[in-house]
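What follows is run_33.tsv (TSV, N, CA and C atoms).
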```tsv
chain	number	residue	atom	x	y	z
A	1	MET	N	49.01	-12.62	137.32
A	1	MET	CA	48.24	-12.16	138.45
A	1	MET	C	49.20	-11.66	139.54
A	2	LEU	N	48.89	-10.52	140.07
A	2	LEU	CA	49.73	-9.89	141.09
A	2	LEU	C	49.36	-10.46	142.46
A	3	THR	N	50.30	-11.15	143.06
A	3	THR	CA	50.07	-11.71	144.39
A	3	THR	C	50.57	-10.72	145.44
A	4	VAL	N	50.28	-11.02	146.69
A	4	VAL	CA	50.73	-10.16	147.79
A	4	VAL	C	52.25	-10.14	147.85
A	5	ILE	N	52.87	-11.31	147.63
A	5	ILE	CA	54.33	-11.39	147.70
A	5	ILE	C	54.96	-10.56	146.59
A	6	SER	N	54.46	-10.66	145.36
A	6	SER	CA	55.05	-9.88	144.28
A	6	SER	C	54.75	-8.40	144.44
A	7	ALA	N	53.61	-8.05	145.02
A	7	ALA	CA	53.31	-6.64	145.27
A	7	ALA	C	54.28	-6.05	146.29
A	8	HIS	N	54.59	-6.80	147.34
A	8	HIS	CA	55.58	-6.34	148.32
A	8	HIS	C	56.97	-6.22	147.69
A	9	SER	N	57.30	-7.13	146.78
A	9	SER	CA	58.60	-7.07	146.11
A	9	SER	C	58.69	-5.83	145.23
A	10	TYR	N	57.64	-5.54	144.50
A	10	TYR	CA	57.63	-4.34	143.67
A	10	TYR	C	57.71	-3.09	144.53
A	11	LEU	N	56.99	-3.07	145.64
A	11	LEU	CA	57.02	-1.93	146.54
A	11	LEU	C	58.42	-1.71	147.10
A	12	ALA	N	59.09	-2.80	147.52
A	12	ALA	CA	60.45	-2.69	148.04
A	12	ALA	C	61.39	-2.16	146.95
A	13	GLY	N	61.21	-2.59	145.72
A	13	GLY	CA	62.03	-2.10	144.62
A	13	GLY	C	61.81	-0.63	144.34
A	14	VAL	N	60.56	-0.19	144.37
A	14	VAL	CA	60.25	1.22	144.14
A	14	VAL	C	60.81	2.08	145.27
A	15	VAL	N	60.66	1.61	146.51
A	15	VAL	CA	61.21	2.35	147.65
A	15	VAL	C	62.73	2.46	147.53
A	16	ALA	N	63.40	1.36	147.17
A	16	ALA	CA	64.86	1.39	147.02
A	16	ALA	C	65.27	2.36	145.92
A	17	PHE	N	64.55	2.36	144.81
A	17	PHE	CA	64.86	3.29	143.71
A	17	PHE	C	64.69	4.74	144.15
A	18	LEU	N	63.59	5.03	144.83
A	18	LEU	CA	63.34	6.41	145.27
A	18	LEU	C	64.38	6.88	146.29
A	19	ILE	N	64.77	6.00	147.20
A	19	ILE	CA	65.80	6.36	148.18
A	19	ILE	C	67.12	6.61	147.47
A	20	CYS	N	67.47	5.73	146.55
A	20	CYS	CA	68.73	5.86	145.82
A	20	CYS	C	68.73	7.15	144.99
A	21	ALA	N	67.64	7.43	144.30
A	21	ALA	CA	67.57	8.65	143.49
A	21	ALA	C	67.57	9.89	144.37
A	22	GLY	N	66.96	9.81	145.54
A	22	GLY	CA	66.94	10.95	146.45
A	22	GLY	C	68.29	11.23	147.09
A	23	LEU	N	69.05	10.18	147.38
A	23	LEU	CA	70.36	10.35	148.02
A	23	LEU	C	71.48	10.68	147.03
A	24	LEU	N	71.26	10.42	145.76
A	24	LEU	CA	72.32	10.63	144.77
A	24	LEU	C	72.90	12.04	144.76
A	25	PRO	N	72.07	13.11	144.74
A	25	PRO	CA	72.67	14.45	144.75
A	25	PRO	C	73.46	14.73	146.02
A	26	LEU	N	72.99	14.25	147.15
A	26	LEU	CA	73.71	14.46	148.41
A	26	LEU	C	75.06	13.74	148.41
A	27	VAL	N	75.10	12.51	147.94
A	27	VAL	CA	76.35	11.76	147.89
A	27	VAL	C	77.31	12.39	146.89
A	28	ARG	N	76.81	12.83	145.74
A	28	ARG	CA	77.68	13.50	144.75
A	28	ARG	C	78.26	14.78	145.31
A	29	TYR	N	77.44	15.56	145.99
A	29	TYR	CA	77.92	16.81	146.59
A	29	TYR	C	78.96	16.52	147.68
A	30	THR	N	78.69	15.54	148.52
A	30	THR	CA	79.62	15.19	149.59
A	30	THR	C	80.94	14.69	149.02
A	31	ALA	N	80.88	13.86	147.98
A	31	ALA	CA	82.11	13.37	147.35
A	31	ALA	C	82.91	14.52	146.74
A	32	ALA	N	82.21	15.47	146.12
A	32	ALA	CA	82.91	16.63	145.55
A	32	ALA	C	83.52	17.47	146.66
A	33	TYR	N	82.79	17.65	147.74
A	33	TYR	CA	83.29	18.46	148.86
A	33	TYR	C	84.51	17.83	149.52
A	34	LEU	N	84.49	16.49	149.67
A	34	LEU	CA	85.60	15.78	150.31
A	34	LEU	C	86.73	15.44	149.34
A	35	GLY	N	86.48	15.64	148.04
A	35	GLY	CA	87.51	15.35	147.05
A	35	GLY	C	87.72	13.87	146.79
A	36	VAL	N	86.68	13.08	146.95
A	36	VAL	CA	86.76	11.64	146.71
A	36	VAL	C	86.32	11.39	145.26
A	37	HIS	N	87.30	11.47	144.35
A	37	HIS	CA	87.02	11.34	142.93
A	37	HIS	C	87.93	10.30	142.29
A	38	ASP	N	87.45	9.75	141.20
A	38	ASP	CA	88.26	8.91	140.34
A	38	ASP	C	88.70	9.78	139.18
A	39	LEU	N	89.99	10.02	139.08
A	39	LEU	CA	90.51	10.93	138.08
A	39	LEU	C	90.61	10.23	136.72
A	40	PRO	N	90.45	11.01	135.64
A	40	PRO	CA	90.61	10.40	134.31
A	40	PRO	C	92.04	9.93	134.09
A	41	GLY	N	92.20	8.96	133.24
A	41	GLY	CA	93.52	8.43	132.92
A	41	GLY	C	93.46	7.63	131.64
A	42	HIS	N	94.60	7.09	131.24
A	42	HIS	CA	94.63	6.36	129.97
A	42	HIS	C	93.89	5.02	130.05
A	43	LEU	N	93.66	4.48	131.24
A	43	LEU	CA	92.89	3.24	131.39
A	43	LEU	C	91.43	3.49	131.76
A	44	LYS	N	91.01	4.74	131.83
A	44	LYS	CA	89.65	5.10	132.24
A	44	LYS	C	88.83	5.52	131.03
A	45	ILE	N	87.52	5.33	131.10
A	45	ILE	CA	86.67	5.73	129.98
A	45	ILE	C	86.09	7.12	130.17
A	46	HIS	N	86.21	7.69	131.37
A	46	HIS	CA	85.65	9.02	131.60
A	46	HIS	C	86.73	10.08	131.40
A	47	VAL	N	86.29	11.29	131.03
A	47	VAL	CA	87.23	12.38	130.76
A	47	VAL	C	87.20	13.46	131.84
A	48	VAL	N	86.25	13.36	132.75
A	48	VAL	CA	86.17	14.30	133.87
A	48	VAL	C	86.18	13.48	135.17
A	49	PRO	N	86.64	14.06	136.29
A	49	PRO	CA	86.60	13.33	137.56
A	49	PRO	C	85.17	12.96	137.94
A	50	ILE	N	84.99	11.74	138.42
A	50	ILE	CA	83.68	11.29	138.87
A	50	ILE	C	83.77	10.82	140.32
A	51	PRO	N	82.69	10.96	141.09
A	51	PRO	CA	82.70	10.51	142.49
A	51	PRO	C	82.93	9.00	142.57
A	52	ARG	N	83.66	8.58	143.61
A	52	ARG	CA	84.00	7.17	143.77
A	52	ARG	C	83.07	6.45	144.74
A	53	VAL	N	82.22	7.11	145.45
A	53	VAL	CA	81.45	6.49	146.53
A	53	VAL	C	79.97	6.32	146.16
A	54	GLY	N	79.70	5.94	144.91
A	54	GLY	CA	78.33	5.78	144.46
A	54	GLY	C	77.59	4.63	145.12
A	55	GLY	N	78.33	3.68	145.69
A	55	GLY	CA	77.69	2.54	146.34
A	55	GLY	C	77.05	2.88	147.67
A	56	VAL	N	77.34	4.07	148.21
A	56	VAL	CA	76.78	4.45	149.50
A	56	VAL	C	75.26	4.52	149.42
A	57	GLU	N	74.74	5.23	148.43
A	57	GLU	CA	73.28	5.34	148.36
A	57	GLU	C	72.63	4.02	147.95
A	58	ILE	N	73.33	3.21	147.17
A	58	ILE	CA	72.77	1.91	146.79
A	58	ILE	C	72.66	1.00	148.01
A	59	GLY	N	73.71	0.95	148.84
A	59	GLY	CA	73.67	0.13	150.05
A	59	GLY	C	72.61	0.59	151.02
A	60	LEU	N	72.51	1.90	151.22
A	60	LEU	CA	71.47	2.43	152.12
A	60	LEU	C	70.07	2.16	151.58
A	61	ALA	N	69.90	2.29	150.28
A	61	ALA	CA	68.58	2.04	149.69
A	61	ALA	C	68.16	0.59	149.87
A	62	ILE	N	69.09	-0.33	149.66
A	62	ILE	CA	68.76	-1.75	149.84
A	62	ILE	C	68.40	-2.04	151.28
A	63	LEU	N	69.22	-1.55	152.22
A	63	LEU	CA	68.93	-1.80	153.63
A	63	LEU	C	67.60	-1.22	154.07
A	64	ILE	N	67.34	0.02	153.72
A	64	ILE	CA	66.09	0.66	154.16
A	64	ILE	C	64.88	-0.02	153.54
A	65	SER	N	64.96	-0.36	152.26
A	65	SER	CA	63.80	-1.00	151.63
A	65	SER	C	63.56	-2.39	152.21
A	66	LEU	N	64.63	-3.11	152.56
A	66	LEU	CA	64.42	-4.42	153.19
A	66	LEU	C	63.90	-4.30	154.61
A	67	MET	N	64.29	-3.24	155.31
A	67	MET	CA	63.77	-3.04	156.67
A	67	MET	C	62.28	-2.70	156.62
A	68	LEU	N	61.84	-2.02	155.57
A	68	LEU	CA	60.42	-1.67	155.45
A	68	LEU	C	59.60	-2.83	154.89
A	69	SER	N	60.27	-3.78	154.25
A	69	SER	CA	59.58	-4.90	153.63
A	69	SER	C	59.24	-5.96	154.67
A	70	PRO	N	58.14	-6.68	154.49
A	70	PRO	CA	57.84	-7.77	155.42
A	70	PRO	C	58.83	-8.93	155.30
A	71	PHE	N	59.63	-8.97	154.22
A	71	PHE	CA	60.62	-10.03	154.06
A	71	PHE	C	61.89	-9.74	154.83
A	72	GLY	N	62.06	-8.52	155.34
A	72	GLY	CA	63.26	-8.14	156.05
A	72	GLY	C	63.45	-8.86	157.36
A	73	SER	N	62.40	-9.44	157.91
A	73	SER	CA	62.52	-10.13	159.19
A	73	SER	C	62.92	-11.60	159.04
A	74	SER	N	62.97	-12.09	157.83
A	74	SER	CA	63.36	-13.48	157.60
A	74	SER	C	64.84	-13.67	157.93
A	75	PRO	N	65.19	-14.77	158.61
A	75	PRO	CA	66.61	-15.01	158.91
A	75	PRO	C	67.47	-15.13	157.65
A	76	HIS	N	66.89	-15.69	156.58
A	76	HIS	CA	67.63	-15.82	155.33
A	76	HIS	C	67.94	-14.46	154.73
A	77	VAL	N	67.00	-13.55	154.79
A	77	VAL	CA	67.21	-12.21	154.26
A	77	VAL	C	68.25	-11.48	155.10
A	78	THR	N	68.19	-11.66	156.40
A	78	THR	CA	69.16	-11.00	157.29
A	78	THR	C	70.57	-11.49	157.01
A	79	GLU	N	70.76	-12.79	156.84
A	79	GLU	CA	72.08	-13.33	156.55
A	79	GLU	C	72.56	-12.88	155.18
A	80	PHE	N	71.67	-12.84	154.21
A	80	PHE	CA	72.04	-12.39	152.87
A	80	PHE	C	72.42	-10.92	152.90
A	81	CYS	N	71.69	-10.11	153.67
A	81	CYS	CA	72.03	-8.69	153.80
A	81	CYS	C	73.38	-8.51	154.47
A	82	LEU	N	73.70	-9.37	155.41
A	82	LEU	CA	75.01	-9.31	156.05
A	82	LEU	C	76.11	-9.56	155.02
A	83	ALA	N	75.91	-10.55	154.15
A	83	ALA	CA	76.89	-10.83	153.09
A	83	ALA	C	77.00	-9.64	152.14
A	84	LEU	N	75.88	-9.04	151.78
A	84	LEU	CA	75.91	-7.86	150.91
A	84	LEU	C	76.65	-6.71	151.58
A	85	MET	N	76.45	-6.55	152.89
A	85	MET	CA	77.09	-5.44	153.59
A	85	MET	C	78.60	-5.65	153.70
A	86	VAL	N	79.06	-6.91	153.78
A	86	VAL	CA	80.49	-7.18	153.77
A	86	VAL	C	81.08	-6.70	152.45
A	87	ILE	N	80.44	-7.06	151.34
A	87	ILE	CA	80.93	-6.63	150.02
A	87	ILE	C	80.84	-5.12	149.89
A	88	TRP	N	79.75	-4.52	150.39
A	88	TRP	CA	79.58	-3.07	150.32
A	88	TRP	C	80.67	-2.35	151.12
A	89	TYR	N	80.94	-2.83	152.32
A	89	TYR	CA	81.93	-2.18	153.18
A	89	TYR	C	83.33	-2.29	152.58
A	90	VAL	N	83.67	-3.44	152.03
A	90	VAL	CA	84.97	-3.61	151.41
A	90	VAL	C	85.08	-2.71	150.17
A	91	GLY	N	84.01	-2.58	149.42
A	91	GLY	CA	84.01	-1.67	148.28
A	91	GLY	C	84.18	-0.22	148.70
A	92	LEU	N	83.55	0.16	149.80
A	92	LEU	CA	83.70	1.52	150.32
A	92	LEU	C	85.14	1.76	150.77
A	93	LEU	N	85.72	0.80	151.47
A	93	LEU	CA	87.12	0.93	151.88
A	93	LEU	C	88.04	1.05	150.66
A	94	ASP	N	87.74	0.29	149.63
A	94	ASP	CA	88.54	0.36	148.42
A	94	ASP	C	88.40	1.72	147.74
A	95	ASP	N	87.19	2.27	147.73
A	95	ASP	CA	86.98	3.61	147.15
A	95	ASP	C	87.75	4.67	147.92
A	96	LEU	N	87.81	4.54	149.23
A	96	LEU	CA	88.43	5.57	150.05
A	96	LEU	C	89.94	5.39	150.20
A	97	ALA	N	90.42	4.14	150.24
A	97	ALA	CA	91.82	3.92	150.57
A	97	ALA	C	92.56	3.01	149.60
A	98	ASN	N	91.95	2.60	148.51
A	98	ASN	CA	92.59	1.71	147.54
A	98	ASN	C	93.21	0.49	148.23
A	99	SER	N	92.36	-0.37	148.76
A	99	SER	CA	92.83	-1.55	149.50
A	99	SER	C	93.47	-2.57	148.56
A	100	PHE	N	94.14	-3.54	149.14
A	100	PHE	CA	94.81	-4.58	148.36
A	100	PHE	C	93.78	-5.50	147.72
A	101	SER	N	94.11	-5.98	146.53
A	101	SER	CA	93.18	-6.85	145.81
A	101	SER	C	92.97	-8.18	146.54
A	102	MET	N	93.98	-8.67	147.24
A	102	MET	CA	93.83	-9.93	147.97
A	102	MET	C	92.84	-9.77	149.13
A	103	PHE	N	92.85	-8.62	149.78
A	103	PHE	CA	91.89	-8.33	150.85
A	103	PHE	C	90.47	-8.33	150.30
A	104	ARG	N	90.28	-7.69	149.16
A	104	ARG	CA	88.95	-7.66	148.54
A	104	ARG	C	88.51	-9.07	148.16
A	105	LEU	N	89.42	-9.85	147.60
A	105	LEU	CA	89.09	-11.21	147.19
A	105	LEU	C	88.68	-12.07	148.38
A	106	VAL	N	89.43	-12.00	149.46
A	106	VAL	CA	89.10	-12.80	150.65
A	106	VAL	C	87.76	-12.37	151.23
A	107	ALA	N	87.50	-11.07	151.30
A	107	ALA	CA	86.22	-10.58	151.82
A	107	ALA	C	85.06	-11.02	150.94
A	108	GLN	N	85.24	-10.99	149.62
A	108	GLN	CA	84.16	-11.40	148.73
A	108	GLN	C	83.94	-12.92	148.79
A	109	LEU	N	85.01	-13.68	148.96
A	109	LEU	CA	84.84	-15.13	149.14
A	109	LEU	C	84.10	-15.43	150.44
A	110	PHE	N	84.44	-14.70	151.51
A	110	PHE	CA	83.73	-14.86	152.78
A	110	PHE	C	82.25	-14.54	152.61
A	111	ALA	N	81.95	-13.45	151.92
A	111	ALA	CA	80.53	-13.08	151.69
A	111	ALA	C	79.83	-14.13	150.84
A	112	GLY	N	80.53	-14.70	149.87
A	112	GLY	CA	79.93	-15.76	149.05
A	112	GLY	C	79.62	-17.00	149.85
A	113	VAL	N	80.54	-17.38	150.73
A	113	VAL	CA	80.29	-18.54	151.61
A	113	VAL	C	79.13	-18.24	152.54
A	114	LEU	N	79.11	-17.02	153.09
A	114	LEU	CA	78.02	-16.65	153.99
A	114	LEU	C	76.67	-16.67	153.27
A	115	SER	N	76.62	-16.18	152.05
A	115	SER	CA	75.34	-16.18	151.32
A	115	SER	C	74.95	-17.58	150.87
A	116	SER	N	75.92	-18.45	150.61
A	116	SER	CA	75.55	-19.82	150.23
A	116	SER	C	74.99	-20.59	151.41
A	117	GLN	N	75.38	-20.21	152.63
A	117	GLN	CA	74.85	-20.85	153.82
A	117	GLN	C	73.39	-20.46	154.06
A	118	THR	N	72.95	-19.33	153.52
A	118	THR	CA	71.56	-18.90	153.73
A	118	THR	C	70.59	-19.75	152.93
A	119	ARG	N	71.06	-20.43	151.92
A	119	ARG	CA	70.17	-21.28	151.12
A	119	ARG	C	70.01	-22.66	151.74
A	120	GLY	N	70.72	-22.92	152.81
A	120	GLY	CA	70.61	-24.22	153.45
A	120	GLY	C	71.50	-25.27	152.79
A	121	ALA	N	72.51	-24.79	152.05
A	121	ALA	CA	73.41	-25.72	151.35
A	121	ALA	C	74.34	-26.43	152.31
```
Will you turn the file into structure tokens for me?
Amino acid sequence: MLTVISAHSYLAGVVAFLICAGLLPLVRYTAAYLGVHDLPGHLKIHVVPIPRVGGVEIGLAILISLMLSPFGSSPHVTEFCLALMVIWYVGLLDDLANSFSMFRLVAQLFAGVLSSQTRGA
């Protein structure tokens, strides 16, 4: 049986998918224009350059769908989104500037601690 809560969850998922699919061509074009590509190499599985900033539309889609969702106003959702945005921002920095692995690890550990606090642990 479809409840109001599950209907809102499905709606948020559909909105996130549509936003992500709609932004994909724009992000690919912008990455090509700016030259932000991952080049093929002996450790890569792709044979042509691919855009490195694919997480941009995913992060925007998640944020927009949660802002439109009635669950977006919950303090737990807000804190969890903050943890997701820390990981997203560090991933974006890594795509653009190849940051140090220790920096990424510390940021992801911080986001994990932040998200575990949202459960009331």
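Distance check against Leu18 of chain A using only C-alpha atoms: of A:Ala97, A:Val90, A:Leu114, A:Leu60, the minimum falls on A:Leu60.
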Extract, using only N, CA and C atoms, all DNA, RNA and protein residues at most 6 Å from segment 99-113 of chain A, discarding same-chain residues fewer than 6 positions from it, and format them as a PyMOL selection string. chain A and resi 83+87+93
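Between atom C of His37 of chain A and atom C of Arg52 of chain A lies a distance of 6.7 Å.
Closest approach to Val27 of chain A among A:Pro40, A:Gly54, A:Gly91, A:Pro49: A:Gly54, based on all atoms listed in the file.
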As an exercise, work out the distance from atom CA of Glu79 of chain A to atom CA of Gly59 of chain A in Å and give it to one decimal place. 15.0 Å
Atom N of Val53 of chain A sits from atom C of Asn98 of chain A at a separation of 13.1 Å
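Residues of chain A assigned to strand (DSSP E) by DSSP on this structure's backbone: A:His37, A:Asp38, A:Ile50, A:Pro51.
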Please give the complete set of residues from segment 4-64 of chain A that DSSP, run on the backbone, assigns to alpha helix (DSSP H), formatted as an MDAnalysis selection string. chainID A and resid 4:34 55:64
Return as AutoDock Vina command-line options the box centre and box size in Å, one decimal, for an axis-aligned box around all listed atoms of segment 97-108 of chain A padded by 5 Å per side.
```
--center_x 89.4 --center_y -4.4 --center_z 148.8 --size_x 20.9 --size_y 27.1 --size_z 16.0
```
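Between Leu82 of chain A and the residues A:Ala7, A:Leu96, A:Leu34, A:Ser115, the shortest atom-to-atom distance, using all atoms listed in the file, involves A:Ser115.
Using all atoms listed in the file, the contacts of Phe17 of chain A at a cut-off of 8 Å, with sequence neighbours closer than 6 positions omitted, comprise Leu11, Leu23, Ala61, Ile62 and Ser65 of chain A.
Closest approach to Ala31 of chain A from the set A:Val56, A:Ile64, A:Leu43, A:Val14 is made by A:Val56, with distances taken over only C-alpha atoms.
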